[in-house]
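Chemist: Please see the structure below; I have some questions.
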Amino acid sequence: MRRAALGLVAAPALAFAAAASAGEAEHEFRADFLDGTLQWSEVEQRAREEGSVNFYFWGGDDSLNVWMDRVVTPALDQEGISFNPVRITGTKDAVDLVLAELNAGKRIGAGSVDVVWVNGENFAALKRQDALFGPFAQLLPNAENLEWSSDDPRSVLNLRDFGVETLGQEMPWSSEQYVCAVNRARVDEAGTPSTFAALRAYLEENPGKFTYVKPPHYIGNTFVQEAIYAHNPDGTGAEAFQAPLEEIGASELARLIGPGLEYLKNLEPLLLGAEGGAGPHYPEDIAALEGFFLNGQIDFACKFGLYGVATGLAKGTYPEKAEAFIFPEGYMIKNKSYLAIPANAPNPAAALVLINYMTSLEAQISKLEHVGLPAGIDPWLLAPQERRVLEEAAPGHIGVEQAELDENAAPDANATLVDVIEAAWLEYIERDSSRTIADIVAEAVENLPR
């Protein structure tokens, strides 16, 4: 009996010791990689030993899902890594999982998420909670495909994400711009609005022929931000919204966003579904918006989609006469999205190998061809022939030129402002609150997670 009792005690003790040893190995690997003392071949060898990688990403694009299965999976197989694509409905779900596991004591090596497709306030939340692997991005072999010098103004989207310094804790993977499409079967070029004032004038003549995705969906949040930029009372557009909340302050933010929210509130009676005194119909997601556009219920559709018209026509989700157009002039938000590694990633070496593959020229070309997601790498750093191949892989523009899009690009608002702007829209417009915008913003700021 005594021998059996000793055995029962020894088993959990040995398990604890093994777990502690594994944790030490994870700490050592992270420290050595971030110090730059590991050869890339050593990272690849450890990735094969880990054997798998869990990639959490928005799974609402069928072509992206197919690309993951048919291109990324076999590419990782060749590296000796089993690729596990985890499709989620919102990035916040993955962020919440990471933070919940960390709070439950699941530290380095003990989590569920290896890589997450992220940007904006979701990256800011992970960074604020010290929930990221560390400054890995510039240490990857394919980091040479991106501009990291702060002396080059083109590097800004690699170094800042919604105004928050990335510090190498996420790797740019794709770029995008908020672009609107028009159905040319219904609206000629002369009648196409290019400003928010012109949009209202169009809807006064054609009520119900426009709507936008409902916040807090990021597509809806972006439209709201553009309206706020265009109605900035100081006339400085996006510039005033690049500073963090702690610098701007609640009262000043309320003053800056007030005119834009007033515009959107006054626009409501002219939106889809509002005829006859009914409430406006805000689609919940991109698929619903595109359905209204395809069926002729609305004349314009706005979303992130630099090549959105070309891909929409190819998929049959856009009307045959769809074209992109410049709207709103000077405020077409442009950004990048990124791949980040949580601090408690169970397979950190495999995560690094996956991200390095995703930022290879091969993967970026394939992603453009099959999905239509714009490149996240910087083409000016490529050899001329490589640049040509990347450009030829793009679906192309219909109705606009790249130069026009570049001329009208604007940055996202600082990540610390996004939740407050979203809360203000939901209270002032969705719930039709009679409270002042200043009071609503003050309460939203007070309720932010600390």
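We label chains A, B, ... in the order they appear in the structure tokens, count residues from 1 in each chain, and number ligands from 1 in the order shown.
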Excluding region 154-164 of chain A and any residue of its chain fewer than 2 positions from it, enumerate the residues within 9 Å of it, using only C-alpha atoms, and give them as number ranges by chain.

Modeler: A: 119-121, 123-124, 146-152, 166-168, 170-172, 175, 242-244, 335-338, 378, 411-416

Chemist: Excluding same-chain residues fewer than 6 positions from Tyr212 (chain A), what lies within 8 Å of it counting only C-alpha atoms, as a list in words?

Modeler: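 Result of the neighbour search: Gly220, Phe223, Tyr282, Pro283, Leu289, Ala301 and Cys302 of chain A.
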
Chemist: Take the residues just selected and output them with C-alpha atoms as a PDB file, in the first residue's frame.

Modeler:
```pdb
ATOM      1  CA  GLY A 220     -19.890  50.661 -40.461  1.00  0.00           C
ATOM      2  CA  PHE A 223     -18.093  55.003 -42.727  1.00  0.00           C
ATOM      3  CA  TYR A 282     -28.744  49.137 -41.564  1.00  0.00           C
ATOM      4  CA  PRO A 283     -27.345  45.840 -42.901  1.00  0.00           C
ATOM      5  CA  LEU A 289     -25.099  45.196 -47.964  1.00  0.00           C
ATOM      6  CA  ALA A 301     -22.257  50.186 -51.625  1.00  0.00           C
ATOM      7  CA  CYS A 302     -19.285  51.174 -49.458  1.00  0.00           C
TER       8      CYS A 302
END
```

Chemist: Distance CA of Ala25 (chain A)-CA of Ala125 (chain A), one decimal place?

Modeler: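 According to the coordinates, CA of Ala25 (chain A) and CA of Ala125 (chain A) are separated by 27.1 Å.
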
Chemist: Can you build me a table of region 126-221 of chain A residues sitting at most 9 Å from region 350-359 of chain A, with the closest atom pair per residue and its distance in Å to one decimal, using only C-alpha atoms, sorted by chain and residue number, as CSV?

Modeler:
```
residue,atom,partner,partner_atom,distance
A:Phe136,CA,A:Leu352,CA,8.1
A:Ala137,CA,A:Asn356,CA,8.8
A:Leu140,CA,A:Asn356,CA,6.1
A:Pro141,CA,A:Asn356,CA,6.9
A:Asn142,CA,A:Asn356,CA,5.8
A:Ala143,CA,A:Thr359,CA,7.8
A:Asn145,CA,A:Thr359,CA,7.6
A:Met171,CA,A:Ile355,CA,7.5
A:Pro172,CA,A:Thr359,CA,7.8
A:Trp173,CA,A:Thr359,CA,6.2
A:Ser174,CA,A:Thr359,CA,9.0
```

Chemist: Pick out the residues sitting within 7 Å of region 313-329 of chain A, and hand them over as a ChimeraX atom specification; count only C-alpha atoms, and ignore anything fewer than 4 positions along from it in its own chain.

Modeler: /A:179-185,194-196,290,293-294,309,398-400,408

Chemist: Those selected residues, please, written with N, CA and C atoms and delivered as an mmCIF file, in the first residue's frame.

Modeler:
```cif
data_model
loop_
_atom_site.group_PDB
_atom_site.id
_atom_site.type_symbol
_atom_site.label_atom_id
_atom_site.label_comp_id
_atom_site.auth_asym_id
_atom_site.auth_seq_id
_atom_site.Cartn_x
_atom_site.Cartn_y
_atom_site.Cartn_z
ATOM 1 N N VAL A 179 -13.639 51.843 -50.202
ATOM 2 C CA VAL A 179 -14.015 52.277 -51.546
ATOM 3 C C VAL A 179 -15.509 52.044 -51.750
ATOM 4 N N CYS A 180 -16.168 53.006 -52.374
ATOM 5 C CA CYS A 180 -17.593 52.888 -52.671
ATOM 6 C C CYS A 180 -17.798 52.511 -54.138
ATOM 7 N N ALA A 181 -18.846 51.732 -54.380
ATOM 8 C CA ALA A 181 -19.210 51.333 -55.741
ATOM 9 C C ALA A 181 -20.569 51.912 -56.089
ATOM 10 N N VAL A 182 -20.771 52.191 -57.378
ATOM 11 C CA VAL A 182 -22.027 52.731 -57.883
ATOM 12 C C VAL A 182 -22.568 51.811 -58.976
ATOM 13 N N ASN A 183 -23.863 51.704 -59.049
ATOM 14 C CA ASN A 183 -24.503 50.945 -60.126
ATOM 15 C C ASN A 183 -24.747 51.898 -61.287
ATOM 16 N N ARG A 184 -23.931 51.783 -62.327
ATOM 17 C CA ARG A 184 -24.012 52.698 -63.466
ATOM 18 C C ARG A 184 -25.311 52.494 -64.270
ATOM 19 N N ALA A 185 -26.012 51.411 -64.065
ATOM 20 C CA ALA A 185 -27.308 51.242 -64.715
ATOM 21 C C ALA A 185 -28.346 52.188 -64.121
ATOM 22 N N SER A 194 -19.652 62.915 -54.734
ATOM 23 C CA SER A 194 -18.255 62.754 -54.323
ATOM 24 C C SER A 194 -18.014 63.294 -52.911
ATOM 25 N N THR A 195 -19.025 63.950 -52.338
ATOM 26 C CA THR A 195 -18.931 64.492 -50.984
ATOM 27 C C THR A 195 -20.171 64.085 -50.193
ATOM 28 N N PHE A 196 -20.113 64.265 -48.896
ATOM 29 C CA PHE A 196 -21.276 63.940 -48.070
ATOM 30 C C PHE A 196 -22.443 64.881 -48.357
ATOM 31 N N GLU A 290 -24.200 43.891 -49.805
ATOM 32 C CA GLU A 290 -24.035 43.533 -51.211
ATOM 33 C C GLU A 290 -25.327 42.965 -51.797
ATOM 34 N N PHE A 293 -27.378 45.880 -52.816
ATOM 35 C CA PHE A 293 -26.773 46.512 -53.991
ATOM 36 C C PHE A 293 -27.064 45.686 -55.245
ATOM 37 N N LEU A 294 -26.881 44.386 -55.154
ATOM 38 C CA LEU A 294 -27.103 43.501 -56.301
ATOM 39 C C LEU A 294 -28.560 43.535 -56.747
ATOM 40 N N VAL A 309 -14.799 45.929 -56.621
ATOM 41 C CA VAL A 309 -15.701 45.838 -57.765
ATOM 42 C C VAL A 309 -15.313 44.660 -58.654
ATOM 43 N N ILE A 398 -11.901 49.172 -61.566
ATOM 44 C CA ILE A 398 -12.945 49.461 -62.547
ATOM 45 C C ILE A 398 -13.615 50.765 -62.149
ATOM 46 N N GLY A 399 -13.405 51.792 -62.962
ATOM 47 C CA GLY A 399 -14.016 53.089 -62.699
ATOM 48 C C GLY A 399 -13.093 54.115 -62.085
ATOM 49 N N VAL A 400 -11.983 53.676 -61.504
ATOM 50 C CA VAL A 400 -11.022 54.597 -60.877
ATOM 51 C C VAL A 400 -9.610 54.148 -61.219
ATOM 52 N N ASN A 408 -6.704 60.483 -52.530
ATOM 53 C CA ASN A 408 -7.835 60.689 -51.616
ATOM 54 C C ASN A 408 -7.765 59.822 -50.367
#
```

Chemist: What's around Leu306 (chain A) at 10 Å? Count only C-alpha atoms, leave out sequence neighbours fewer than 2 positions away in its own chain, and write the answer as an MDAnalysis selection string.

Modeler: chainID A and resid 175:180 303:304 308:311 324 334 372:374 394:397 402 405

Chemist: Taking the DSSP secondary structure from the backbone, can you list the residues of region 16-256 of chain A that are alpha helix (DSSP H), as a PyMOL selection string?

Modeler: chain A and resi 16-35+40-50+62-67+73-77+91-103+121-128+156-159+196-205+218-230+245-248+250-256
